[in-house]
Amino acid sequence: MSVLKVGEDLKSTPKTTPSTPSLIDPFNRHVTYVRISVTDRCDFRCVYCMAENMSFLPKKELLSLEELDRLCSSFVELGVKKLRITGGEPLVRKNILTLFKSLSRHLDSGALEEITVTTNGSQLAKYADELYATGVRRINVSLDTLDNDKFQAITRWGRLPQVLDGIKAAQKAGLKIKINTVALKNFNEDEIPKMMHWAHENGMDYTLIETMPLGDIDGDRTDQYLPLDQVKQSLEQSYTLTPNSFKTGGPARYVDVKETGGQLGFITPLTHNFCESCNRVRVTCTGEMFMCLGQEDNADLRTPMRQSECNEPLIQTIREAIDRKPKGHDFIIERKGAAPAVPRHMSMTGG
Ligand code: SAM
Ligand code: SF4
């Protein structure tokens, strides 16, 4: 297996034999969206995502940039139209821009419609221009508060000014931004209207996410869980929210906010299960494909890649796994002190 050199273009991925360019699961859902985690590492330690002392994977366990390109390109050949690069923090992976640069050939050919990124924003000042140059047009920035002290408390290691500078740099570079906020009881519920105004005034969409029971953290999730139907009801006391049909390929449902002229999204895996329209799979940084964020069943895509230069075994493994994609998840947060529904962290599977 050849090793990618720093700055080298990733052009020569193995050819697959022609096959039907579509992935359809047993419930007739077309899988056209892949979220791929490129690292389990992060420069933050958000309290709902990671424990403070995390042990990370040794480098040889991770897919190399070359393998990531090969895998993404195989999905594109199978009809995937949208790739989201995530992590951990994707922009802390060494030479990650090489991957974006190389994948941009699928945007140029028209095979791929979009490459997006989910980031904590810490590295955007450094990379925004280059991301735009590789064809990225939209990014999601995760931000749970605009208060310096609270930001430090929730991310443990983060610095708010660095993220705000990153957001400005991304806007200057021409990237469209969606701000994602995990709604947390007794932490940011009072700040949500202010954050929505800030996002909308700055031309950004704003989406709220319910905290999900993924991975062991240093605390109890029942203390954090804030159902979004409750948040929506409270916003409706002061704002006119009109459902719209905006779709990004993700699971958010959107409303127009008359008073701000912006859009507000709700990602509600717990209060409303969105599985019926699920079009996506997730791949970890070690090449495990999870057909459902909330289920344990997965397929090892690294082994067929490392065992053969030919892509056919890889494609076969992907197809067999899509045939097992479950109808839905069964997350629930109710028992105090209960173990997480899924033991792996979000930073492992990617958000
Ligand atoms: N580091 C990047 C970031 O923070 O955007 C990308 C990876 S992060 C795991 C992706 C998203 O998952 C973030 O928006 C984060 O807030 C969210 N997230 C992490 N753990 C979560 C949990 N237990 N429940 C809900 N969202 C979670
Ligand atoms: Fe890092 Fe993102 Fe997890 Fe926060 S949510 S610890 S920024 S991976």
# chains A, B, ... in the order shown; residues from 1 in each chain; ligands from 1
>>> closest_atom_pairs(of="chain A", to="ligand 2", cutoff="6 Å", atoms="only C-alpha atoms and all ligand atoms", output="JSON lines")
{"residue": "A:Cys42", "atom": "CA", "partner": "ligand 2", "partner_atom_place_in_ligand_line": "1 (Fe)", "distance": 4.7}
{"residue": "A:Phe44", "atom": "CA", "partner": "ligand 2", "partner_atom_place_in_ligand_line": "1 (Fe)", "distance": 4.7}
{"residue": "A:Arg45", "atom": "CA", "partner": "ligand 2", "partner_atom_place_in_ligand_line": "6 (S)", "distance": 4.0}
{"residue": "A:Cys46", "atom": "CA", "partner": "ligand 2", "partner_atom_place_in_ligand_line": "6 (S)", "distance": 4.0}
{"residue": "A:Cys49", "atom": "CA", "partner": "ligand 2", "partner_atom_place_in_ligand_line": "3 (Fe)", "distance": 4.7}
{"residue": "A:Met50", "atom": "CA", "partner": "ligand 2", "partner_atom_place_in_ligand_line": "6 (S)", "distance": 5.5}
{"residue": "A:Gly87", "atom": "CA", "partner": "ligand 2", "partner_atom_place_in_ligand_line": "8 (S)", "distance": 5.8}
{"residue": "A:Gly88", "atom": "CA", "partner": "ligand 2", "partner_atom_place_in_ligand_line": "8 (S)", "distance": 3.7}
{"residue": "A:Glu89", "atom": "CA", "partner": "ligand 2", "partner_atom_place_in_ligand_line": "8 (S)", "distance": 5.1}
{"residue": "A:Asn120", "atom": "CA", "partner": "ligand 2", "partner_atom_place_in_ligand_line": "7 (S)", "distance": 4.7}
{"residue": "A:Ser347", "atom": "CA", "partner": "ligand 2", "partner_atom_place_in_ligand_line": "8 (S)", "distance": 4.6}
>>> residues_around(residues="stretch 111-115 of chain A", least_positions_apart="6", cutoff="6 Å", atoms="only C-alpha atoms", output="JSON, numbers by chain")
{"A": [81, 82, 83, 84, 136]}
>>> residues_around(residues="A:Ser37", least_positions_apart="6", cutoff="12 Å", atoms="only C-alpha atoms", output="VMD selection string")
chain A and resid 62 to 65 68 71 to 72 83 to 93 96 117 to 119 281 to 290 345 to 351
>>> select_by_dssp(residues="stretch 169-257 of chain A", states="helix (DSSP H, G or I)", output="ChimeraX atom specification")
/A:169-173,189-201,221-223,228-236
>>> write_last_selection(atoms="C-alpha atoms", output="short mmCIF file (atom, residue, chain, number, x, y, z; two decimals), in the first residue's frame")
data_model
loop_
_atom_site.label_atom_id
_atom_site.label_comp_id
_atom_site.auth_asym_id
_atom_site.auth_seq_id
_atom_site.Cartn_x
_atom_site.Cartn_y
_atom_site.Cartn_z
CA ALA A 169 -12.75 34.32 8.73
CA ALA A 170 -15.10 31.68 7.32
CA GLN A 171 -17.68 34.31 6.42
CA LYS A 172 -15.00 36.43 4.80
CA ALA A 173 -13.87 33.42 2.79
CA GLU A 189 -31.66 27.45 27.79
CA ASP A 190 -31.91 31.15 28.70
CA GLU A 191 -29.33 32.09 26.09
CA ILE A 192 -31.06 30.44 23.12
CA PRO A 193 -33.04 33.52 21.96
CA LYS A 194 -29.91 35.68 22.18
CA MET A 195 -27.86 33.17 20.20
CA MET A 196 -30.59 32.87 17.58
CA HIS A 197 -30.62 36.68 17.15
CA TRP A 198 -26.83 36.78 16.91
CA ALA A 199 -26.76 34.00 14.28
CA HIS A 200 -29.56 35.51 12.20
CA GLU A 201 -28.19 39.05 12.39
CA ARG A 221 -27.03 13.03 31.20
CA THR A 222 -30.44 13.29 32.85
CA ASP A 223 -29.06 16.53 34.32
CA LEU A 228 -36.64 20.66 22.28
CA ASP A 229 -40.44 20.64 22.13
CA GLN A 230 -40.22 22.47 25.48
CA VAL A 231 -37.73 24.99 24.00
CA LYS A 232 -39.94 25.49 20.96
CA GLN A 233 -43.00 26.14 23.11
CA SER A 234 -41.14 28.71 25.11
CA LEU A 235 -39.82 30.44 21.96
CA GLU A 236 -43.37 30.55 20.61
#
>>> atom_distance(atom1="atom CA of A:Val47", atom2="atom CA of A:Pro251")
23.3 Å
>>> residues_around(residues="A:Gln123", least_positions_apart="2", cutoff="7 Å", atoms="only C-alpha atoms", output="tab-separated table (two decimals) with C-alpha atoms, in the first residue's frame")
chain	number	residue	atom	x	y	z
A	91	LEU	CA	-9.41	20.34	11.25
A	121	GLY	CA	-14.41	26.50	14.72
A	125	ALA	CA	-9.07	31.32	10.92
A	126	LYS	CA	-6.24	29.15	9.60
A	127	TYR	CA	-8.15	27.05	7.07
A	166	GLY	CA	-12.77	31.61	12.98
>>> atom_distance(atom1="atom 18 (N, counted along the ligand's line) of ligand 1", atom2="atom CA of A:Glu296")
17.6 Å
>>> atom_distance(atom1="atom CA of A:Glu66", atom2="atom CA of A:Asp40")
17.3 Å
>>> closest_residue(among="A:Ser74, A:Thr242, A:Gln263, A:Ser142", to="A:Met305", atoms="only C-alpha atoms")
A:Ser74
>>> residues_around(residues="A:Gly110", least_positions_apart="6", cutoff="12 Å", atoms="only C-alpha atoms", output="compact mmCIF listing (two decimals) with C-alpha atoms, in the first residue's frame")
# COMPACT_ATOMS: atom_id res chain seq x y z
CA VAL A 76 -19.27 8.36 -4.56
CA GLU A 77 -19.13 5.54 -7.11
CA GLY A 79 -24.17 7.04 -5.71
CA VAL A 80 -23.40 9.02 -2.57
CA LYS A 81 -23.97 12.72 -3.28
CA LYS A 82 -23.00 14.35 -0.06
CA LEU A 103 -11.96 14.86 -3.02
CA SER A 104 -12.74 18.05 -4.90
CA GLY A 135 -15.00 23.52 -3.11
>>> closest_residue(among="A:Ser245, A:Ser238, A:Asn279, A:Thr116", to="ligand 1", atoms="only C-alpha atoms and all ligand atoms")
A:Thr116
